[in-house]
file coords-v6.cif (mmCIF, C-alpha atoms (C1' of nucleotides))
data_input
#
loop_
_atom_site.label_atom_id
_atom_site.label_comp_id
_atom_site.auth_asym_id
_atom_site.auth_seq_id
_atom_site.Cartn_x
_atom_site.Cartn_y
_atom_site.Cartn_z
CA MET A 992 56.42 -54.78 -71.36
CA ASN A 993 54.21 -55.67 -68.72
CA SER A 994 54.72 -54.70 -65.21
CA ARG A 995 50.97 -54.41 -65.37
CA PHE A 996 50.62 -58.03 -64.52
CA SER A 997 52.75 -57.53 -61.45
CA THR A 998 50.67 -54.57 -60.40
CA ALA A 999 47.44 -56.48 -60.89
CA VAL A 1000 48.62 -59.36 -58.77
CA HIS A 1001 49.73 -56.90 -56.15
CA ILE A 1002 46.30 -55.32 -56.05
CA LEU A 1003 44.46 -58.59 -55.90
CA THR A 1004 46.67 -59.84 -53.11
CA LEU A 1005 46.04 -56.66 -51.23
CA LEU A 1006 42.30 -57.13 -51.59
CA ALA A 1007 42.68 -60.71 -50.45
CA SER A 1008 44.57 -59.57 -47.39
CA MET A 1009 41.63 -57.52 -46.20
CA PRO A 1010 38.67 -59.76 -46.89
CA GLY A 1011 35.20 -58.29 -46.69
CA GLU A 1012 36.37 -54.69 -46.79
CA ARG A 1013 35.77 -52.46 -49.72
CA LEU A 1014 38.99 -50.71 -50.57
CA THR A 1015 38.89 -47.48 -52.52
CA SER A 1016 41.12 -46.95 -55.51
CA GLU A 1017 42.80 -44.19 -53.58
CA PHE A 1018 43.65 -46.40 -50.65
CA ILE A 1019 45.01 -49.03 -52.99
CA ALA A 1020 46.97 -46.43 -54.90
CA VAL A 1021 48.68 -45.23 -51.74
CA SER A 1022 49.60 -48.76 -50.78
CA VAL A 1023 50.93 -49.60 -54.19
CA GLY A 1024 52.55 -46.24 -54.70
CA THR A 1025 50.80 -44.91 -57.76
CA ASN A 1026 47.80 -42.98 -58.97
CA PRO A 1027 44.17 -43.98 -58.35
CA VAL A 1028 43.37 -43.81 -62.03
CA VAL A 1029 46.02 -46.37 -62.78
CA ILE A 1030 44.45 -48.67 -60.24
CA ARG A 1031 41.01 -48.20 -61.69
CA ARG A 1032 42.24 -48.96 -65.16
CA GLN A 1033 43.60 -52.27 -64.02
CA LEU A 1034 40.66 -53.17 -61.90
CA ALA A 1035 38.23 -52.35 -64.68
CA LEU A 1036 39.82 -55.12 -66.73
CA LEU A 1037 39.73 -57.51 -63.83
CA ARG A 1038 36.09 -56.70 -63.30
CA ASN A 1039 35.29 -57.55 -66.89
CA ALA A 1040 36.65 -60.98 -66.09
CA ALA A 1041 34.48 -61.15 -62.99
CA LEU A 1042 37.45 -61.34 -60.66
CA VAL A 1043 36.56 -58.25 -58.68
CA ASP A 1044 33.51 -56.20 -57.99
CA SER A 1045 33.24 -52.44 -57.77
CA LYS A 1046 30.76 -50.06 -56.32
CA GLY A 1047 30.70 -46.38 -57.01
CA ALA A 1048 29.50 -43.60 -54.78
CA ARG A 1049 29.99 -43.06 -51.12
CA GLY A 1050 31.06 -46.14 -49.22
CA GLY A 1051 32.03 -47.73 -52.51
CA GLY A 1052 35.25 -49.42 -53.51
CA TRP A 1053 36.55 -52.78 -54.56
CA VAL A 1054 36.37 -56.34 -53.32
CA LEU A 1055 37.30 -59.71 -54.73
CA ALA A 1056 34.40 -61.31 -56.50
CA ARG A 1057 35.42 -64.80 -55.42
CA ALA A 1058 37.65 -66.61 -52.98
CA PRO A 1059 41.39 -65.97 -53.44
CA GLY A 1060 41.91 -69.68 -53.95
CA GLN A 1061 39.59 -69.48 -56.95
CA ILE A 1062 41.61 -66.85 -58.76
CA ALA A 1063 44.37 -68.38 -60.80
CA LEU A 1064 47.09 -66.15 -62.16
CA SER A 1065 46.35 -67.45 -65.62
CA GLN A 1066 42.96 -65.81 -65.34
CA VAL A 1067 44.58 -62.56 -64.37
CA ARG A 1068 46.79 -62.74 -67.38
CA VAL A 1069 43.92 -63.35 -69.72
CA ALA A 1070 41.89 -60.61 -68.11
CA LEU A 1071 44.62 -58.08 -68.74
CA GLY A 1072 44.98 -59.17 -72.31
CA SER A 1073 48.69 -59.26 -71.63
CA GLU A 1074 49.18 -62.30 -73.75
CA ALA A 1075 51.78 -60.68 -75.88
CA GLN A 1076 54.99 -61.60 -74.24
CA PHE A 1077 56.38 -62.16 -77.70
CA ARG A 1078 56.02 -59.49 -80.22
CA MET A 1079 56.57 -59.54 -83.93
CA HIS A 1080 59.04 -57.15 -85.41
CA ARG A 1081 57.12 -54.81 -87.59
CA ASN A 1082 59.72 -53.94 -90.18
CA GLU A 1083 58.75 -54.11 -93.78
CA PRO A 1084 60.87 -56.90 -95.18
CA HIS A 1085 62.26 -56.79 -98.67
CA PRO A 1086 59.57 -57.93 -101.12
CA ASN A 1087 61.81 -60.59 -102.60
CA CYS A 1088 62.85 -62.07 -99.29
CA VAL A 1089 61.08 -65.40 -98.93
CA VAL A 1090 62.03 -65.58 -95.29
CA GLY A 1091 60.79 -62.11 -94.54
CA GLN A 1092 57.50 -62.76 -96.25
CA ASN A 1093 56.75 -65.88 -94.27
CA VAL A 1094 58.64 -65.90 -91.02
CA ARG A 1095 55.97 -64.14 -89.05
CA GLN A 1096 53.42 -66.76 -89.77
CA ALA A 1097 55.85 -69.47 -88.76
CA LEU A 1098 56.68 -67.63 -85.58
CA SER A 1099 53.05 -67.30 -84.69
CA HIS A 1100 52.91 -71.05 -84.21
CA VAL A 1101 55.93 -70.95 -81.96
CA TYR A 1102 54.43 -68.17 -79.92
CA ALA A 1103 51.09 -69.87 -79.58
CA ASP A 1104 52.90 -72.85 -78.12
CA ALA A 1105 54.83 -70.71 -75.70
CA GLU A 1106 51.76 -68.80 -74.60
CA GLU A 1107 50.05 -72.02 -73.80
CA ALA A 1108 53.02 -73.14 -71.76
CA VAL A 1109 52.97 -69.95 -69.75
CA ASN A 1110 49.30 -70.27 -69.17
CA THR A 1111 49.63 -73.78 -67.92
CA SER A 1112 52.33 -72.66 -65.58
CA LEU A 1113 50.29 -69.75 -64.24
CA LYS A 1114 47.31 -72.00 -63.67
CA GLY A 1115 49.29 -73.55 -60.85
CA TRP A 1116 49.23 -70.37 -58.78
CA THR A 1117 46.35 -68.61 -57.12
CA ILE A 1118 46.04 -65.34 -55.28
CA GLU A 1119 45.70 -67.37 -52.12
CA ASP A 1120 49.14 -68.87 -52.75
CA LEU A 1121 50.58 -65.44 -53.18
CA LEU A 1122 48.96 -64.15 -50.05
CA ASN A 1123 50.34 -67.09 -48.10
CA GLU A 1124 53.82 -66.48 -49.39
CA VAL A 1125 53.61 -62.81 -48.61
CA GLN A 1126 52.38 -63.42 -45.11
CA SER A 1127 54.95 -66.00 -44.24
CA ALA A 1128 57.70 -63.81 -45.62
CA ALA A 1129 56.48 -61.03 -43.36
CA ARG A 1130 56.40 -63.42 -40.40
CA ARG A 1131 59.96 -64.49 -41.08
CA LYS A 1132 61.08 -60.89 -41.15
CA ARG A 1133 59.41 -60.15 -37.86
CA ASN A 1134 61.03 -63.13 -36.18
CA ARG A 1135 64.42 -62.25 -37.51
CA ALA A 1136 64.02 -58.72 -36.20
CA LYS A 1137 62.97 -59.98 -32.79
CA ALA A 1138 65.93 -62.38 -32.61
CA GLN A 1139 68.50 -59.69 -33.34
CA PRO A 1140 67.29 -56.31 -32.22
CA ALA A 1141 70.42 -54.93 -33.77
CA SER A 1142 69.84 -51.77 -35.73
CA LYS A 1143 67.13 -49.24 -35.14
CA SER A 1144 65.23 -49.93 -31.95
CA GLY A 1145 64.66 -53.54 -32.89
CA LYS A 1146 61.83 -52.57 -35.15
CA MET B 708 59.01 -55.69 -75.31
CA ASN B 709 60.84 -57.93 -77.32
CA SER B 710 60.44 -57.93 -80.96
CA ARG B 711 64.16 -58.55 -80.77
CA PHE B 712 63.56 -62.23 -80.46
CA SER B 713 61.48 -62.17 -83.62
CA THR B 714 64.17 -60.27 -85.44
CA ALA B 715 66.85 -62.66 -84.30
CA VAL B 716 64.92 -65.69 -85.48
CA HIS B 717 64.30 -63.92 -88.75
CA ILE B 718 68.00 -63.34 -89.22
CA LEU B 719 69.00 -66.86 -88.30
CA THR B 720 66.42 -68.30 -90.65
CA LEU B 721 67.73 -66.10 -93.41
CA LEU B 722 71.26 -67.33 -92.80
CA ALA B 723 69.97 -70.89 -92.80
CA SER B 724 68.28 -70.32 -96.12
CA MET B 725 71.57 -69.50 -97.79
CA PRO B 726 73.93 -72.08 -96.34
CA GLY B 727 77.63 -71.63 -96.88
CA GLU B 728 77.37 -68.00 -97.92
CA ARG B 729 78.62 -65.19 -95.76
CA LEU B 730 75.96 -62.54 -95.62
CA THR B 731 76.92 -59.00 -94.74
CA SER B 732 75.03 -57.07 -92.14
CA GLU B 733 73.99 -54.69 -94.85
CA PHE B 734 72.49 -57.41 -97.00
CA ILE B 735 70.64 -58.79 -94.01
CA ALA B 736 69.46 -55.33 -93.06
CA VAL B 737 67.95 -54.77 -96.47
CA SER B 738 66.17 -58.09 -96.35
CA VAL B 739 64.83 -57.52 -92.89
CA GLY B 740 64.09 -53.86 -93.48
CA THR B 741 66.25 -52.13 -90.93
CA ASN B 742 69.67 -50.72 -90.26
CA PRO B 743 72.91 -52.73 -90.44
CA VAL B 744 73.91 -51.67 -86.95
CA VAL B 745 70.74 -53.12 -85.53
CA ILE B 746 71.60 -56.39 -87.20
CA ARG B 747 75.11 -56.37 -85.86
CA ARG B 748 73.90 -55.71 -82.37
CA GLN B 749 71.73 -58.77 -82.47
CA LEU B 750 74.26 -60.97 -84.13
CA ALA B 751 76.93 -59.97 -81.65
CA LEU B 752 74.82 -61.51 -78.91
CA LEU B 753 74.21 -64.61 -80.93
CA ARG B 754 77.90 -64.92 -81.57
CA ASN B 755 78.63 -64.81 -77.87
CA ALA B 756 76.46 -67.89 -77.63
CA ALA B 757 78.37 -69.51 -80.48
CA LEU B 758 75.34 -69.65 -82.71
CA VAL B 759 76.87 -67.63 -85.52
CA ASP B 760 80.29 -66.69 -86.71
CA SER B 761 81.44 -63.35 -88.05
CA LYS B 762 84.35 -62.19 -90.07
CA GLY B 763 85.32 -58.60 -90.53
CA ALA B 764 87.04 -57.00 -93.46
CA ARG B 765 86.55 -57.55 -97.11
CA GLY B 766 84.69 -60.70 -98.02
CA GLY B 767 83.50 -60.90 -94.44
CA GLY B 768 80.03 -61.39 -93.09
CA TRP B 769 78.00 -63.85 -91.10
CA VAL B 770 77.27 -67.55 -91.20
CA LEU B 771 75.61 -69.99 -88.86
CA ALA B 772 78.12 -71.64 -86.57
CA ARG B 773 76.23 -74.92 -86.60
CA ALA B 774 73.53 -76.79 -88.44
CA PRO B 775 70.08 -75.14 -88.31
CA GLY B 776 68.70 -78.28 -86.71
CA GLN B 777 71.14 -77.75 -83.85
CA ILE B 778 69.89 -74.29 -82.98
CA ALA B 779 66.93 -74.41 -80.65
CA LEU B 780 64.89 -71.28 -80.13
CA SER B 781 65.46 -71.61 -76.42
CA GLN B 782 69.14 -71.02 -77.07
CA VAL B 783 68.31 -67.92 -79.03
CA ARG B 784 66.25 -66.63 -76.17
CA VAL B 785 68.98 -67.20 -73.67
CA ALA B 786 71.55 -65.66 -75.99
CA LEU B 787 69.54 -62.47 -76.24
CA GLY B 788 69.09 -62.31 -72.53
CA SER B 789 65.44 -61.66 -73.25
CA GLU B 790 64.30 -63.66 -70.31
CA ALA B 791 62.27 -60.88 -68.87
CA GLN B 792 58.86 -61.44 -70.26
CA PHE B 793 57.50 -60.56 -66.87
CA ARG B 794 58.60 -57.42 -65.23
CA MET B 795 58.15 -56.21 -61.72
CA HIS B 796 56.38 -52.95 -61.15
CA ARG B 797 58.87 -50.59 -59.71
CA ASN B 798 56.64 -48.37 -57.63
CA GLU B 799 57.67 -47.67 -54.10
CA PRO B 800 54.97 -49.31 -52.01
CA HIS B 801 53.78 -47.81 -48.80
CA PRO B 802 56.18 -48.77 -45.98
CA ASN B 803 53.41 -50.21 -43.86
CA CYS B 804 51.93 -52.34 -46.59
CA VAL B 805 52.82 -55.94 -45.87
CA VAL B 806 51.74 -56.99 -49.32
CA GLY B 807 53.77 -54.31 -51.03
CA GLN B 808 56.86 -55.20 -49.08
CA ASN B 809 56.74 -58.86 -49.98
CA VAL B 810 54.81 -59.41 -53.14
CA ARG B 811 57.78 -59.04 -55.44
CA GLN B 812 59.62 -61.86 -53.84
CA ALA B 813 56.57 -64.08 -54.08
CA LEU B 814 56.12 -63.13 -57.71
CA SER B 815 59.69 -64.00 -58.51
CA HIS B 816 58.89 -67.63 -57.83
CA VAL B 817 55.93 -67.49 -60.12
CA TYR B 818 57.99 -65.91 -62.84
CA ALA B 819 60.80 -68.40 -62.51
CA ASP B 820 58.27 -71.15 -63.08
CA ALA B 821 56.83 -69.45 -66.10
CA GLU B 822 60.25 -68.80 -67.60
CA GLU B 823 61.07 -72.43 -67.33
CA ALA B 824 57.84 -73.34 -69.04
CA VAL B 825 58.60 -71.02 -71.93
CA ASN B 826 62.06 -72.40 -72.24
CA THR B 827 60.82 -75.94 -72.39
CA SER B 828 58.38 -74.95 -75.06
CA LEU B 829 61.00 -73.18 -77.15
CA LYS B 830 63.32 -76.15 -76.91
CA GLY B 831 60.92 -77.95 -79.19
CA TRP B 832 61.64 -75.65 -82.12
CA THR B 833 64.79 -75.25 -84.16
CA ILE B 834 65.81 -72.87 -86.90
CA GLU B 835 65.49 -75.78 -89.27
CA ASP B 836 61.84 -76.13 -88.32
CA LEU B 837 61.28 -72.46 -89.01
CA LEU B 838 63.02 -72.65 -92.35
CA ASN B 839 60.88 -75.59 -93.34
CA GLU B 840 57.72 -73.78 -92.40
CA VAL B 841 58.78 -70.69 -94.26
CA GLN B 842 59.65 -72.60 -97.36
CA SER B 843 56.50 -74.64 -97.50
CA ALA B 844 54.43 -71.52 -96.93
CA ALA B 845 56.19 -69.93 -99.89
CA ARG B 846 55.54 -73.04 -101.97
CA ARG B 847 51.87 -72.95 -101.13
CA LYS B 848 51.65 -69.34 -102.21
CA ARG B 849 53.30 -70.06 -105.51
CA ASN B 850 50.92 -72.90 -106.24
CA ARG B 851 47.93 -70.86 -105.36
CA ALA B 852 49.11 -68.11 -107.67
CA LYS B 853 49.64 -70.56 -110.50
CA ALA B 854 46.20 -72.09 -110.04
CA GLN B 855 44.40 -68.75 -110.24
CA PRO B 856 46.34 -66.28 -112.31
CA ALA B 857 43.73 -63.78 -111.33
CA SER B 858 45.17 -60.43 -110.45
CA LYS B 859 48.41 -59.04 -111.73
CA SER B 860 49.87 -61.17 -114.50
CA GLY B 861 49.64 -64.31 -112.43
CA LYS B 862 52.75 -63.41 -110.58
"C1'" DT C 1496 21.56 -32.12 -51.25
"C1'" DA C 1497 26.37 -32.52 -50.48
"C1'" DA C 1498 30.15 -35.47 -50.64
"C1'" DA C 1499 32.62 -39.82 -51.74
"C1'" DG C 1500 33.89 -42.84 -55.44
"C1'" DC C 1501 33.90 -44.89 -59.70
"C1'" DG C 1502 34.08 -44.34 -65.20
"C1'" DA C 1503 36.17 -42.53 -68.85
"C1'" DC C 1504 38.72 -39.58 -71.74
"C1'" DA C 1505 42.41 -36.64 -73.12
"C1'" DC C 1506 46.78 -35.29 -72.38
"C1'" DA C 1507 51.54 -35.15 -70.19
"C1'" DA C 1508 55.63 -37.41 -68.69
"C1'" DA C 1509 58.75 -40.97 -68.54
"C1'" DA C 1510 60.84 -45.11 -70.00
"C1'" DA C 1511 62.20 -48.43 -73.25
"C1'" DT C 1512 63.15 -49.67 -77.84
"C1'" DT C 1513 64.78 -48.90 -82.28
"C1'" DG C 1514 67.26 -46.47 -85.75
"C1'" DT C 1515 71.30 -43.50 -87.27
"C1'" DT C 1516 75.78 -41.48 -87.62
"C1'" DA C 1517 80.44 -41.86 -87.11
"C1'" DC C 1518 84.88 -43.70 -86.64
"C1'" DG C 1519 88.41 -47.17 -85.61
"C1'" DC C 1520 90.25 -51.61 -86.77
"C1'" DT C 1521 91.26 -55.79 -89.68
"C1'" DA C 1522 91.84 -58.44 -93.54
"C1'" DT C 1523 91.41 -58.91 -98.27
"C1'" DT C 1524 92.45 -57.59 -103.04
"C1'" DC C 1525 94.90 -55.38 -106.50
"C1'" DG D 388 101.38 -51.46 -99.43
"C1'" DA D 389 97.43 -48.78 -100.25
"C1'" DA D 390 92.57 -48.86 -101.03
"C1'" DT D 391 88.40 -50.87 -99.82
"C1'" DA D 392 84.80 -53.77 -97.68
"C1'" DG D 393 82.99 -55.02 -93.49
"C1'" DC D 394 82.69 -55.69 -88.62
"C1'" DG D 395 82.79 -53.41 -83.46
"C1'" DT D 396 81.26 -50.00 -80.70
"C1'" DA D 397 79.78 -45.94 -78.72
"C1'" DA D 398 77.05 -41.87 -78.69
"C1'" DC D 399 73.07 -39.75 -80.00
"C1'" DA D 400 68.35 -39.13 -82.15
"C1'" DA D 401 63.73 -40.66 -83.09
"C1'" DT D 402 59.95 -43.52 -82.13
"C1'" DT D 403 56.95 -46.25 -79.56
"C1'" DT D 404 55.11 -47.93 -75.43
"C1'" DT D 405 53.95 -47.46 -70.87
"C1'" DT D 406 52.74 -44.91 -66.88
"C1'" DG D 407 50.95 -41.07 -64.55
"C1'" DT D 408 47.68 -36.77 -64.10
"C1'" DG D 409 43.87 -33.74 -64.48
"C1'" DT D 410 39.17 -33.25 -65.13
"C1'" DC D 411 34.39 -33.91 -65.28
"C1'" DG D 412 30.13 -36.47 -65.17
"C1'" DC D 413 27.31 -39.87 -62.90
"C1'" DT D 414 25.58 -42.53 -58.94
"C1'" DT D 415 24.59 -43.61 -54.33
"C1'" DT D 416 24.77 -43.05 -49.57
"C1'" DA D 417 24.61 -40.28 -45.55
#
call {"tool": "encode", "arguments": {"input": "coords-v6.cif", "output": "structure tokens"}}
result
Amino acid sequence: MNSRFSTAVHILTLLASMPGERLTSEFIAVSVGTNPVVIRRQLALLRNAALVDSKGARGGGWVLARAPGQIALSQVRVALGSEAQFRMHRNEPHPNCVVGQNVRQALSHVYADAEEAVNTSLKGWTIEDLLNEVQSAARRKRNRAKAQPASKSGK
Amino acid sequence: MNSRFSTAVHILTLLASMPGERLTSEFIAVSVGTNPVVIRRQLALLRNAALVDSKGARGGGWVLARAPGQIALSQVRVALGSEAQFRMHRNEPHPNCVVGQNVRQALSHVYADAEEAVNTSLKGWTIEDLLNEVQSAARRKRNRAKAQPASKSGK
DNA sequence: TAAAGCGACACAAAAATTGTTACGCTATTC
DNA sequence: GAATAGCGTAACAATTTTTGTGTCGCTTTA
């Protein structure tokens, strides 16, 4: 299942946090804690959806293709093609089993409904929202650390 | 990824299609096309949620614990504990990366929202609905076959 | 013209899921 | 009351999916 979506949001938020700068896949990979090729794979999909822009060669790298507030998480989801939260079981049912022969089709309606619900939900969040949450969480941590310089050198 | 949910719905629909009868895990396994132990694993979870009832020993087997119209797919989902459609990436982010250190927490809000949306959607479907869909699909196929006894002996 | 970066593919490693075997326990049935 | 059908469960094997790596070519900037 898809931790890919999580990674993609992570990357986009990172790009949003350093506006204007072109980040290389290697830099991103170090921040995220994985391999540059993994990053490129993800970003290639996001580029197809016109969410990011890449430039090869020296001085190249990645930037957001639009304002963070204009990137809804539903778009990210679609871009990744990760719309398969539900998955059919692929067993060969017994030929005489009426249920087995037809349940998948019935389920596909259910799943289409659920997908739509998820999408609607994700439409309510943008990369800007995420960045804000991340930054205020970081601020809270800093304040807490300053208030109680308890453990290691108040860092 | 969870094709488990699909399997569980399949099983429940099968039980609903033969009301009153206790089906053995082996019978179900043959219908579904898998191993009895796999079936039991699933049904054990559904039993914990009081959706089905089992009886061991001779003459034993499984039945629905309530009317098919009283089993919502959201309950099935909860019973299976399959509420992890989204998964966090588990890479160790760089210690200095503010985004990496906080994005998971931010995402957890997003995911909680989405889960709720899915649940609401699944509440709208019951096993009875599925059974009806399955049965009318089967009926349609039969009629089509009768209308054009084209291929193999009009079967 | 050399180096930095992306693009893409093939392959390796790891993780998660699914299937299988085996054995104990319980309640029927004869 | 003994044999048998069937669940309960755990351990293990096989498969599938996901993630990570290595490599090499191409492009652009310095």
call {"tool": "resolve_selection", "arguments": {"input": "coords-v6.cif", "expression": "the PyMOL selection byres ((chain D) within 10 of (chain B))", "output": "PyMOL selection string"}}
result
chain D and resi 391-396+404
call {"tool": "residues_around", "arguments": {"input": "coords-v6.cif", "residues": "Ser1008 in chain A", "least_positions_apart": "3", "cutoff": "8 Å", "atoms": "all atoms listed in the file", "output": "number ranges by chain"}}
result
A: 1004-1005, 1122; B: 806
call {"tool": "interface_residues", "arguments": {"input": "coords-v6.cif", "of": "chain B", "to": "chain A", "cutoff": "7 Å", "atoms": "all atoms listed in the file", "output": "PyMOL selection string"}}
result
chain B and resi 708-710+713-714+717+720-721+737-741+792-796+798-801+804-807+809-810+813+820-821+824-825+828-829+837+840-841+844-845
call {"tool": "calpha_fit_and_write", "arguments": {"input": "coords-v6.cif", "fixed": "chain B", "moving": "chain A", "output": "compact mmCIF listing (two decimals) with C-alpha atoms, in the frame of the given file"}}
result
# COMPACT_ATOMS: atom_id res chain seq x y z
CA MET A 992 58.95 -55.71 -75.18
CA ASN A 993 60.77 -57.87 -77.34
CA SER A 994 60.36 -57.92 -80.99
CA ARG A 995 64.07 -58.52 -80.79
CA PHE A 996 63.50 -62.20 -80.49
CA SER A 997 61.43 -62.15 -83.64
CA THR A 998 64.12 -60.25 -85.46
CA ALA A 999 66.81 -62.65 -84.30
CA VAL A 1000 64.87 -65.66 -85.48
CA HIS A 1001 64.29 -63.92 -88.77
CA ILE A 1002 67.99 -63.33 -89.22
CA LEU A 1003 68.97 -66.84 -88.30
CA THR A 1004 66.41 -68.30 -90.65
CA LEU A 1005 67.72 -66.10 -93.39
CA LEU A 1006 71.24 -67.33 -92.77
CA ALA A 1007 69.96 -70.88 -92.78
CA SER A 1008 68.28 -70.30 -96.10
CA MET A 1009 71.57 -69.49 -97.76
CA PRO A 1010 73.93 -72.07 -96.31
CA GLY A 1011 77.64 -71.62 -96.83
CA GLU A 1012 77.38 -67.99 -97.87
CA ARG A 1013 78.63 -65.19 -95.74
CA LEU A 1014 75.97 -62.54 -95.58
CA THR A 1015 76.93 -58.99 -94.70
CA SER A 1016 75.02 -57.05 -92.10
CA GLU A 1017 73.99 -54.69 -94.84
CA PHE A 1018 72.50 -57.41 -96.98
CA ILE A 1019 70.64 -58.79 -94.00
CA ALA A 1020 69.46 -55.33 -93.05
CA VAL A 1021 67.96 -54.77 -96.48
CA SER A 1022 66.17 -58.09 -96.35
CA VAL A 1023 64.82 -57.50 -92.90
CA GLY A 1024 64.09 -53.86 -93.50
CA THR A 1025 66.23 -52.13 -90.93
CA ASN A 1026 69.66 -50.72 -90.26
CA PRO A 1027 72.91 -52.71 -90.41
CA VAL A 1028 73.88 -51.63 -86.93
CA VAL A 1029 70.72 -53.11 -85.53
CA ILE A 1030 71.57 -56.39 -87.19
CA ARG A 1031 75.08 -56.35 -85.83
CA ARG A 1032 73.85 -55.70 -82.34
CA GLN A 1033 71.68 -58.76 -82.47
CA LEU A 1034 74.22 -60.95 -84.11
CA ALA A 1035 76.89 -59.94 -81.62
CA LEU A 1036 74.76 -61.48 -78.89
CA LEU A 1037 74.15 -64.59 -80.91
CA ARG A 1038 77.85 -64.89 -81.53
CA ASN A 1039 78.57 -64.78 -77.83
CA ALA A 1040 76.38 -67.85 -77.59
CA ALA A 1041 78.32 -69.47 -80.42
CA LEU A 1042 75.30 -69.63 -82.68
CA VAL A 1043 76.83 -67.61 -85.48
CA ASP A 1044 80.25 -66.67 -86.65
CA SER A 1045 81.42 -63.34 -87.99
CA LYS A 1046 84.34 -62.20 -90.01
CA GLY A 1047 85.32 -58.61 -90.47
CA ALA A 1048 87.07 -57.03 -93.40
CA ARG A 1049 86.57 -57.52 -97.07
CA GLY A 1050 84.71 -60.67 -97.97
CA GLY A 1051 83.52 -60.90 -94.39
CA GLY A 1052 80.03 -61.37 -93.04
CA TRP A 1053 78.00 -63.83 -91.06
CA VAL A 1054 77.25 -67.53 -91.15
CA LEU A 1055 75.59 -69.97 -88.82
CA ALA A 1056 78.09 -71.62 -86.54
CA ARG A 1057 76.21 -74.91 -86.54
CA ALA A 1058 73.50 -76.77 -88.39
CA PRO A 1059 70.05 -75.13 -88.28
CA GLY A 1060 68.67 -78.27 -86.68
CA GLN A 1061 71.09 -77.74 -83.81
CA ILE A 1062 69.85 -74.27 -82.96
CA ALA A 1063 66.88 -74.39 -80.65
CA LEU A 1064 64.85 -71.26 -80.13
CA SER A 1065 65.39 -71.58 -76.42
CA GLN A 1066 69.06 -70.98 -77.06
CA VAL A 1067 68.24 -67.89 -79.03
CA ARG A 1068 66.18 -66.60 -76.19
CA VAL A 1069 68.91 -67.15 -73.68
CA ALA A 1070 71.48 -65.61 -75.97
CA LEU A 1071 69.48 -62.43 -76.24
CA GLY A 1072 69.01 -62.26 -72.52
CA SER A 1073 65.36 -61.64 -73.28
CA GLU A 1074 64.24 -63.68 -70.35
CA ALA A 1075 62.20 -60.90 -68.91
CA GLN A 1076 58.80 -61.46 -70.30
CA PHE A 1077 57.46 -60.59 -66.89
CA ARG A 1078 58.56 -57.45 -65.29
CA MET A 1079 58.17 -56.24 -61.77
CA HIS A 1080 56.42 -52.98 -61.17
CA ARG A 1081 58.94 -50.63 -59.74
CA ASN A 1082 56.74 -48.41 -57.64
CA GLU A 1083 57.78 -47.71 -54.12
CA PRO A 1084 55.11 -49.33 -52.02
CA HIS A 1085 53.93 -47.83 -48.78
CA PRO A 1086 56.37 -48.79 -46.00
CA ASN A 1087 53.61 -50.25 -43.86
CA CYS A 1088 52.10 -52.36 -46.60
CA VAL A 1089 53.00 -55.97 -45.87
CA VAL A 1090 51.88 -57.01 -49.31
CA GLY A 1091 53.89 -54.35 -51.04
CA GLN A 1092 57.00 -55.23 -49.09
CA ASN A 1093 56.88 -58.89 -50.00
CA VAL A 1094 54.91 -59.43 -53.15
CA ARG A 1095 57.84 -59.06 -55.47
CA GLN A 1096 59.71 -61.88 -53.89
CA ALA A 1097 56.65 -64.09 -54.12
CA LEU A 1098 56.16 -63.16 -57.73
CA SER A 1099 59.73 -64.01 -58.55
CA HIS A 1100 58.93 -67.64 -57.86
CA VAL A 1101 55.93 -67.50 -60.14
CA TYR A 1102 57.98 -65.92 -62.88
CA ALA A 1103 60.79 -68.41 -62.56
CA ASP A 1104 58.25 -71.15 -63.11
CA ALA A 1105 56.80 -69.45 -66.13
CA GLU A 1106 60.19 -68.77 -67.65
CA GLU A 1107 61.03 -72.40 -67.37
CA ALA A 1108 57.80 -73.33 -69.08
CA VAL A 1109 58.54 -71.01 -71.96
CA ASN A 1110 61.99 -72.38 -72.28
CA THR A 1111 60.77 -75.91 -72.41
CA SER A 1112 58.33 -74.93 -75.08
CA LEU A 1113 60.96 -73.16 -77.17
CA LYS A 1114 63.27 -76.13 -76.92
CA GLY A 1115 60.86 -77.93 -79.20
CA TRP A 1116 61.61 -75.65 -82.14
CA THR A 1117 64.76 -75.23 -84.15
CA ILE A 1118 65.78 -72.86 -86.89
CA GLU A 1119 65.48 -75.77 -89.27
CA ASP A 1120 61.81 -76.12 -88.33
CA LEU A 1121 61.26 -72.48 -89.02
CA LEU A 1122 63.02 -72.64 -92.33
CA ASN A 1123 60.89 -75.60 -93.34
CA GLU A 1124 57.72 -73.80 -92.43
CA VAL A 1125 58.78 -70.71 -94.28
CA GLN A 1126 59.68 -72.64 -97.38
CA SER A 1127 56.52 -74.65 -97.51
CA ALA A 1128 54.45 -71.54 -96.97
CA ALA A 1129 56.21 -69.97 -99.92
CA ARG A 1130 55.59 -73.09 -102.01
CA ARG A 1131 51.90 -73.00 -101.16
CA LYS A 1132 51.70 -69.39 -102.23
CA ARG A 1133 53.36 -70.11 -105.53
CA ASN A 1134 50.99 -72.97 -106.28
CA ARG A 1135 47.98 -70.93 -105.40
CA ALA A 1136 49.17 -68.18 -107.71
CA LYS A 1137 49.74 -70.63 -110.53
CA ALA A 1138 46.28 -72.17 -110.08
CA GLN A 1139 44.47 -68.85 -110.29
CA PRO A 1140 46.42 -66.37 -112.35
CA ALA A 1141 43.79 -63.87 -111.41
CA SER A 1142 45.20 -60.50 -110.48
CA LYS A 1143 48.42 -59.01 -111.72
CA SER A 1144 49.96 -61.08 -114.48
CA GLY A 1145 49.67 -64.26 -112.46
CA LYS A 1146 52.74 -63.37 -110.50
call {"tool": "atom_distance", "arguments": {"input": "coords-v6.cif", "atom1": "CA of Asp760 in chain B", "atom2": "C1' of DT1524 in chain C"}}
result
22.3 Å
